[in-house]
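Pasting upload_33.cif here (mmCIF, C-alpha atoms):
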```cif
data_upload
loop_
_atom_site.label_atom_id
_atom_site.label_comp_id
_atom_site.auth_asym_id
_atom_site.auth_seq_id
_atom_site.Cartn_x
_atom_site.Cartn_y
_atom_site.Cartn_z
CA MET J 1 -10.05 -18.48 3.48
CA ILE J 2 -6.61 -20.10 3.06
CA ASP J 3 -6.76 -20.42 -0.73
CA LYS J 4 -6.92 -16.77 -1.82
CA GLN J 5 -6.69 -17.27 -5.59
CA TRP J 6 -9.40 -15.60 -7.69
CA ALA J 7 -10.08 -16.49 -11.30
CA SER J 8 -9.83 -12.98 -12.75
CA ALA J 9 -9.17 -9.35 -11.97
CA GLU J 10 -12.79 -8.58 -12.91
CA GLN J 11 -14.13 -10.95 -10.26
CA ALA J 12 -11.64 -9.75 -7.65
CA VAL J 13 -12.74 -6.09 -7.91
CA ALA J 14 -16.47 -6.71 -8.45
CA ASP J 15 -17.52 -5.66 -4.93
CA ILE J 16 -15.70 -2.31 -4.94
CA ALA J 17 -18.56 0.17 -4.69
CA ASP J 18 -18.84 3.81 -5.70
CA GLY J 19 -17.25 6.06 -3.08
CA SER J 20 -14.76 3.45 -1.86
CA THR J 21 -11.32 4.32 -0.54
CA LEU J 22 -8.37 2.60 -2.20
CA ALA J 23 -4.62 2.35 -1.53
CA VAL J 24 -2.62 1.60 -4.68
CA GLY J 25 1.02 0.50 -4.90
CA GLY J 26 3.55 1.78 -7.38
CA PHE J 27 6.09 4.56 -7.74
CA GLY J 28 5.84 6.42 -10.99
CA LEU J 29 4.71 3.59 -13.24
CA SER J 30 6.93 0.98 -11.57
CA GLY J 31 4.88 -1.68 -9.84
CA ASN J 32 1.49 -0.38 -10.94
CA PRO J 33 -1.25 -3.05 -10.59
CA MET J 34 -2.56 -2.34 -14.08
CA ALA J 35 -4.80 -5.39 -14.51
CA LEU J 36 -6.73 -4.42 -11.39
CA ILE J 37 -6.89 -0.75 -12.36
CA GLU J 38 -8.19 -1.63 -15.83
CA ALA J 39 -10.77 -4.01 -14.36
CA LEU J 40 -12.01 -1.27 -12.04
CA LEU J 41 -12.19 1.14 -14.98
CA ALA J 42 -14.24 -1.33 -17.03
CA GLN J 43 -16.56 -1.91 -14.09
CA GLY J 44 -17.45 1.79 -13.96
CA THR J 45 -16.81 2.39 -10.25
CA LYS J 46 -16.69 6.13 -9.51
CA ASP J 47 -16.22 8.75 -6.74
CA LEU J 48 -13.09 6.96 -5.58
CA SER J 49 -10.76 8.34 -2.93
CA ILE J 50 -7.32 6.97 -3.77
CA VAL J 51 -4.08 6.96 -1.79
CA SER J 52 -0.99 6.42 -3.92
CA ASN J 53 2.43 8.01 -4.33
CA ASN J 54 1.31 9.55 -7.63
CA CYS J 55 -1.51 9.33 -10.17
CA GLY J 56 0.27 7.78 -13.11
CA VAL J 57 0.36 9.57 -16.46
CA ASP J 58 -2.42 10.64 -18.79
CA ASP J 59 -2.87 7.24 -20.44
CA TRP J 60 -1.43 4.75 -17.94
CA GLY J 61 -1.52 3.84 -14.29
CA LEU J 62 -4.13 5.60 -12.20
CA GLY J 63 -4.26 8.23 -14.96
CA ILE J 64 -6.79 6.11 -16.85
CA LEU J 65 -9.22 6.28 -13.92
CA LEU J 66 -8.58 10.00 -13.59
CA GLY J 67 -9.22 10.59 -17.29
CA ALA J 68 -12.56 8.79 -17.01
CA ARG J 69 -13.55 11.07 -14.07
CA ARG J 70 -13.69 8.17 -11.64
CA ILE J 71 -11.51 9.75 -8.91
CA ARG J 72 -12.93 12.24 -6.42
CA LYS J 73 -9.84 12.68 -4.24
CA MET J 74 -6.12 11.80 -4.42
CA THR J 75 -3.76 11.58 -1.46
CA SER J 76 -0.29 11.68 -3.02
CA SER J 77 3.23 12.97 -2.62
CA TYR J 78 4.02 13.69 -6.28
CA VAL J 79 1.67 14.80 -9.06
CA GLY J 80 3.96 16.25 -11.70
CA GLU J 81 3.64 13.80 -14.62
CA ASN J 82 -0.05 14.13 -15.43
CA ARG J 83 -1.49 17.14 -17.28
CA GLU J 84 -5.08 16.02 -16.80
CA PHE J 85 -4.42 15.83 -13.05
CA GLU J 86 -3.23 19.44 -13.10
CA ARG J 87 -6.27 20.54 -15.10
CA GLN J 88 -8.79 18.80 -12.87
CA PHE J 89 -7.18 20.06 -9.67
CA LEU J 90 -6.88 23.68 -10.77
CA THR J 91 -10.48 23.78 -12.07
CA GLY J 92 -11.96 22.36 -8.87
CA GLU J 93 -12.87 18.93 -10.25
CA LEU J 94 -10.43 17.00 -8.05
CA GLU J 95 -9.48 17.16 -4.38
CA LEU J 96 -5.79 16.68 -3.53
CA GLU J 97 -4.21 15.97 -0.16
CA LEU J 98 -0.54 16.57 -0.90
CA THR J 99 1.63 14.70 1.62
CA PRO J 100 5.43 14.45 2.03
CA GLN J 101 6.59 11.15 0.57
CA GLY J 102 8.11 9.64 3.71
CA THR J 103 5.11 10.74 5.74
CA LEU J 104 2.75 9.11 3.24
CA ALA J 105 4.71 5.86 3.46
CA GLU J 106 4.57 5.88 7.26
CA LYS J 107 0.86 6.80 7.32
CA LEU J 108 0.14 3.66 5.27
CA ARG J 109 2.46 1.46 7.33
CA ALA J 110 1.02 2.78 10.59
CA GLY J 111 -2.52 2.08 9.39
CA GLY J 112 -1.59 -1.52 8.66
CA ALA J 113 0.17 -1.88 12.00
CA GLY J 114 -2.79 -0.59 14.00
CA ILE J 115 -1.07 2.66 15.00
CA ALA J 116 -3.58 5.51 14.98
CA ALA J 117 -1.10 8.39 14.59
CA PHE J 118 2.56 9.32 14.98
CA TYR J 119 4.79 12.36 15.36
CA THR J 120 7.34 13.40 12.75
CA GLN J 121 9.61 16.39 12.18
CA THR J 122 8.75 16.47 8.49
CA GLY J 123 6.60 19.51 7.68
CA VAL J 124 7.13 21.41 10.94
CA GLY J 125 7.14 25.15 10.28
CA THR J 126 5.51 24.79 6.88
CA GLN J 127 1.94 24.70 5.58
CA VAL J 128 2.01 20.94 6.11
CA SER J 129 1.65 21.60 9.84
CA GLU J 130 0.32 25.17 9.83
CA GLY J 131 -2.48 24.47 7.36
CA GLY J 132 -3.72 26.46 4.40
CA LEU J 133 -2.58 24.20 1.55
CA PRO J 134 -5.28 24.15 -1.16
CA ARG J 135 -7.04 20.81 -1.31
CA ARG J 136 -9.82 21.82 -3.66
CA TYR J 137 -10.40 24.95 -5.72
CA HIS J 138 -13.61 26.60 -6.84
CA ALA J 139 -14.03 26.88 -10.60
CA ASP J 140 -13.07 30.59 -10.36
CA GLY J 141 -9.68 29.69 -8.85
CA SER J 142 -10.46 30.59 -5.24
CA ILE J 143 -9.81 28.00 -2.53
CA ASP J 144 -12.79 25.81 -1.64
CA ILE J 145 -11.08 23.44 0.85
CA ALA J 146 -7.75 24.11 2.60
CA SER J 147 -5.69 21.75 4.74
CA PRO J 148 -6.25 22.09 8.49
CA GLN J 149 -3.70 23.06 11.11
CA LYS J 150 -2.11 20.04 12.78
CA GLU J 151 -1.02 19.47 16.35
CA VAL J 152 2.65 20.24 17.04
CA ARG J 153 4.44 19.09 20.20
CA SER J 154 7.96 19.33 21.53
CA PHE J 155 9.96 16.24 22.46
CA SER J 156 13.49 15.79 23.74
CA VAL J 157 15.54 13.73 21.27
CA ALA J 158 19.19 12.95 22.05
CA GLY J 159 19.23 15.78 24.57
CA GLU J 160 17.81 18.31 22.10
CA THR J 161 14.26 19.66 22.19
CA ARG J 162 12.60 19.52 18.79
CA GLU J 163 9.12 20.11 17.42
CA PHE J 164 7.11 17.31 15.83
CA VAL J 165 3.83 17.35 13.93
CA LEU J 166 1.09 14.78 14.54
CA GLU J 167 0.13 12.78 11.46
CA GLU J 168 -2.81 10.38 11.38
CA ALA J 169 -2.50 6.88 9.93
CA ILE J 170 -4.28 5.84 6.74
CA THR J 171 -6.52 2.82 6.28
CA THR J 172 -8.63 2.18 3.18
CA ASP J 173 -11.49 -0.08 2.14
CA PHE J 174 -9.37 -1.83 -0.49
CA ALA J 175 -5.77 -2.03 -1.68
CA PHE J 176 -4.32 -2.91 -5.11
CA VAL J 177 -0.74 -4.21 -5.40
CA HIS J 178 1.49 -5.81 -8.02
CA ALA J 179 4.01 -8.55 -7.18
CA ALA J 180 6.38 -10.68 -9.21
CA VAL J 181 5.58 -13.91 -7.38
CA GLY J 182 2.81 -14.94 -5.01
CA ASP J 183 1.36 -18.13 -3.62
CA ARG J 184 -2.24 -19.11 -3.00
CA HIS J 185 -1.90 -18.12 0.66
CA GLY J 186 -1.09 -14.53 -0.36
CA ASN J 187 2.64 -14.45 0.42
CA LEU J 188 4.27 -12.02 -2.02
CA VAL J 189 7.69 -11.32 -3.51
CA PHE J 190 8.31 -8.01 -5.30
CA ASN J 191 10.88 -7.40 -8.01
CA LYS J 192 13.43 -4.65 -7.37
CA ALA J 193 11.91 -1.14 -7.63
CA ALA J 194 8.38 -2.55 -7.81
CA ARG J 195 8.66 -3.18 -4.08
CA ASN J 196 8.29 0.63 -3.50
CA PHE J 197 4.85 1.47 -2.05
CA ASN J 198 3.28 -1.92 -2.73
CA PRO J 199 3.83 -3.56 0.71
CA LEU J 200 2.68 -0.39 2.48
CA ALA J 201 -0.46 -0.05 0.37
CA ALA J 202 -1.25 -3.71 1.00
CA MET J 203 -0.98 -3.24 4.76
CA ALA J 204 -3.35 -0.26 4.76
CA GLY J 205 -6.21 -1.93 2.88
CA ARG J 206 -8.90 -3.78 4.80
CA ILE J 207 -9.18 -6.00 1.71
CA CYS J 208 -5.96 -6.29 -0.26
CA ILE J 209 -6.08 -7.58 -3.84
CA ALA J 210 -2.75 -8.62 -5.34
CA GLN J 211 -2.02 -9.24 -9.00
CA VAL J 212 1.00 -11.52 -9.44
CA GLU J 213 3.02 -12.38 -12.51
CA GLN J 214 3.66 -15.93 -11.29
CA LEU J 215 1.44 -17.91 -8.94
CA VAL J 216 3.10 -20.79 -7.09
CA GLU J 217 2.03 -23.35 -4.54
CA PRO J 218 2.29 -22.67 -0.80
CA GLY J 219 5.76 -23.65 0.36
CA ASP J 220 7.42 -22.90 -2.99
CA ILE J 221 8.59 -19.49 -1.77
CA ASP J 222 11.46 -19.64 0.71
CA PRO J 223 10.03 -18.02 3.88
CA ASP J 224 13.19 -15.90 4.10
CA HIS J 225 12.39 -14.46 0.65
CA VAL J 226 8.83 -13.34 1.43
CA HIS J 227 8.56 -9.54 1.27
CA LEU J 228 4.94 -9.36 2.40
CA PRO J 229 3.29 -12.16 4.41
CA GLY J 230 -0.09 -13.43 3.34
CA VAL J 231 -1.81 -12.15 6.48
CA PHE J 232 -2.05 -8.76 4.71
CA VAL J 233 -3.39 -10.18 1.41
CA HIS J 234 -6.95 -11.38 0.86
CA ARG J 235 -7.24 -12.01 -2.90
CA VAL J 236 -4.63 -13.09 -5.46
CA VAL J 237 -5.00 -12.93 -9.24
CA GLU J 238 -2.40 -14.34 -11.63
CA VAL J 239 -1.79 -12.02 -14.59
CA GLY J 240 1.23 -13.70 -16.21
CA PRO J 241 4.75 -12.42 -16.93
CA ASP J 242 3.96 -10.78 -20.29
CA ILE J 243 1.85 -7.89 -19.02
CA GLU J 244 2.75 -4.49 -20.43
CA LYS J 245 5.08 -2.40 -18.28
CA ARG J 246 5.84 1.24 -19.02
CA ILE J 247 8.11 3.97 -17.74
CA GLU J 248 7.22 7.67 -17.63
CA ARG J 249 10.18 8.98 -19.55
CA ARG J 250 13.12 7.51 -21.41
CA THR J 251 16.26 9.58 -21.89
CA VAL J 252 18.80 8.49 -24.47
CA VAL J 253 22.26 10.01 -24.41
CA ALA J 254 24.18 10.10 -27.69
CA THR J 255 27.64 8.53 -27.46
CA THR J 256 30.62 8.81 -29.75
CA THR J 257 33.47 6.40 -30.32
CA GLU J 258 36.92 8.00 -30.22
CA GLY J 259 38.77 7.67 -33.48
CA ALA J 260 35.74 6.50 -35.42
#
```

As structure tokens, please, write out the structure in this file.
Amino acid sequence: MIDKQWASAEQAVADIADGSTLAVGGFGLSGNPMALIEALLAQGTKDLSIVSNNCGVDDWGLGILLGARRIRKMTSSYVGENREFERQFLTGELELELTPQGTLAEKLRAGGAGIAAFYTQTGVGTQVSEGGLPRRYHADGSIDIASPQKEVRSFSVAGETREFVLEEAITTDFAFVHAAVGDRHGNLVFNKAARNFNPLAAMAGRICIAQVEQLVEPGDIDPDHVHLPGVFVHRVVEVGPDIEKRIERRTVVATTTEGA
């Protein structure tokens, strides 16, 4: 379908079934596809396995799905801003696959590029490659599921032999992303920091759903300005420029004026 515009977020997520896998863009709360997340929450979909850099905060981002007990497993690189996440993980209610941030980004990109796996130095000599990281606890605090040992091989790089760990690519049933501008063919432009994990999440999803602040006609976006081509995007929903955007933490530094 060339025209990928959908009337609403609710319609765009309606076929996401219980137990689906989902890649979600955003870094912290920057670039979170909130309209899609809220539509999925309202729909009641549960037992989700989600891949995203983090899980939002207690009342925003993916944290609202977590708080409603809709998430079965998270694959993330940072989980430090959400108390409910900590509680669910430590009490055995949530499975966590903790992944180095650059590795997570490449696993998503590789999945979208059709690359099954790749070797990286990141994690060699640690539990990332040796296994044993807790993924799920029993209620009594003992480990229920631990990460497996991964294949490590030596390669010669610039005349030096180094060890590399094999990491498998990630693909998901669906992907949610947020963009500043999109056209009806699915070409997307991201604004500044909101570019973060959004293009990578989009690539990894077999069906990518994009919420855009401004929807324009095909040809209105300069091809040289397209950050993600429409071949990776299957559904586009316009949410308008006035959607609420939050940050995790605001720090204000007191200043003084000399001589005042």

As a check of understanding, name the residues that the PyMOL selection byres ((chain J and resi 59) around 12) selects in the supplied structure, as a short mmCIF file (atom, residue, chain, number, x, y, z; two decimals) with C-alpha atoms, in the coordinates of the input.
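As a result, out-v3.cif now contains:
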```
data_model
loop_
_atom_site.label_atom_id
_atom_site.label_comp_id
_atom_site.auth_asym_id
_atom_site.auth_seq_id
_atom_site.Cartn_x
_atom_site.Cartn_y
_atom_site.Cartn_z
CA LEU J 29 4.71 3.59 -13.24
CA MET J 34 -2.56 -2.34 -14.08
CA GLU J 38 -8.19 -1.63 -15.83
CA CYS J 55 -1.51 9.33 -10.17
CA GLY J 56 0.27 7.78 -13.11
CA VAL J 57 0.36 9.57 -16.46
CA ASP J 58 -2.42 10.64 -18.79
CA TRP J 60 -1.43 4.75 -17.94
CA GLY J 61 -1.52 3.84 -14.29
CA LEU J 62 -4.13 5.60 -12.20
CA GLY J 63 -4.26 8.23 -14.96
CA ILE J 64 -6.79 6.11 -16.85
CA LEU J 65 -9.22 6.28 -13.92
CA LEU J 66 -8.58 10.00 -13.59
CA GLY J 67 -9.22 10.59 -17.29
CA ALA J 68 -12.56 8.79 -17.01
CA GLU J 81 3.64 13.80 -14.62
CA ASN J 82 -0.05 14.13 -15.43
CA ARG J 83 -1.49 17.14 -17.28
CA GLU J 84 -5.08 16.02 -16.80
CA PHE J 85 -4.42 15.83 -13.05
CA ARG J 246 5.84 1.24 -19.02
CA ILE J 247 8.11 3.97 -17.74
CA GLU J 248 7.22 7.67 -17.63
#
```

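By only C-alpha atoms, and with residues fewer than 6 positions from J:Ile2 along its chain excluded, the set lying at most 10 Å from it is Arg184, His185, Gly186, Gly230, Val231 and His234 of chain J.
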
Now that the selection is made, can you save its residues with C-alpha atoms as a PDB file, keeping the file's coordinate frame?
```pdb
ATOM      1  CA  ARG J 184      -2.240 -19.110  -3.000  1.00  0.00           C
ATOM      2  CA  HIS J 185      -1.900 -18.120   0.660  1.00  0.00           C
ATOM      3  CA  GLY J 186      -1.090 -14.530  -0.360  1.00  0.00           C
ATOM      4  CA  GLY J 230      -0.090 -13.430   3.340  1.00  0.00           C
ATOM      5  CA  VAL J 231      -1.810 -12.150   6.480  1.00  0.00           C
ATOM      6  CA  HIS J 234      -6.950 -11.380   0.860  1.00  0.00           C
TER       7      HIS J 234
END
```

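Proximity to J:Leu90 was assessed for J:Gly141, J:Gly114, J:Pro33, J:Gly131 counting all atoms listed in the file; the smallest distance is recorded for J:Gly141.
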
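Picked by the PyMOL selection byres ((chain J and resi 128) around 10) from the coordinates shown: Leu98, Thr99, Pro100, Thr122, Gly123, Val124, Gly125, Thr126, Gln127, Ser129, Glu130, Gly131, Gly132, Leu133, Ser147, Pro148, Gln149, Lys150, Val165 and Glu167 of chain J.
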
Query - Shortest interatomic distance to J:Ile115 - which of J:Val233, J:Leu41, J:Val189, J:Ala204, counting all atoms listed in the file - result: J:Ala204

Query raised in the report: If you measure from atom CA of J:Glu244 to atom CA of J:Asn32, what distance in Å do you get, rounded to one decimal?
Result: 10.4 Å

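Among the candidates J:Ser30, J:Ala110, J:Gln11, J:Gly205, the one nearest to J:Lys192 when counting only C-alpha atoms is J:Ser30.
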
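When atom CA of J:Pro223 is paired with atom CA of J:Asp183, their separation reads 11.5 Å.
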
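Considering the residues J:Glu168, J:Asp47, J:Glu160, J:Asp140 and counting all atoms listed in the file, J:Ala105 has its shortest atom-to-atom contact with J:Glu168.
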
**Report entry** Contact residues around J:Val13 with all atoms listed in the file at 9 Å, ignoring same-chain residues under 3 positions, as a PyMOL selection string
**Finding:** chain J and resi 8-10+16+36+39-40+43+209

Store the residues of this selection in a file with C-alpha atoms, as an mmCIF file, in the coordinates of the input.
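Result file follows (selection.cif):
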```
data_model
loop_
_atom_site.group_PDB
_atom_site.id
_atom_site.type_symbol
_atom_site.label_atom_id
_atom_site.label_comp_id
_atom_site.auth_asym_id
_atom_site.auth_seq_id
_atom_site.Cartn_x
_atom_site.Cartn_y
_atom_site.Cartn_z
ATOM 1 C CA SER J 8 -9.830 -12.980 -12.750
ATOM 2 C CA ALA J 9 -9.170 -9.350 -11.970
ATOM 3 C CA GLU J 10 -12.790 -8.580 -12.910
ATOM 4 C CA ILE J 16 -15.700 -2.310 -4.940
ATOM 5 C CA LEU J 36 -6.730 -4.420 -11.390
ATOM 6 C CA ALA J 39 -10.770 -4.010 -14.360
ATOM 7 C CA LEU J 40 -12.010 -1.270 -12.040
ATOM 8 C CA GLN J 43 -16.560 -1.910 -14.090
ATOM 9 C CA ILE J 209 -6.080 -7.580 -3.840
#
```

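Note that atom CA of J:Ser77 and atom CA of J:Phe27 are 10.3 Å apart.
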
Requested in this report: Go through the shown structure with the PyMOL selection byres ((chain J and resi 216) around 8) and write out the matching residues as a count of residues only.
Outcome: 10
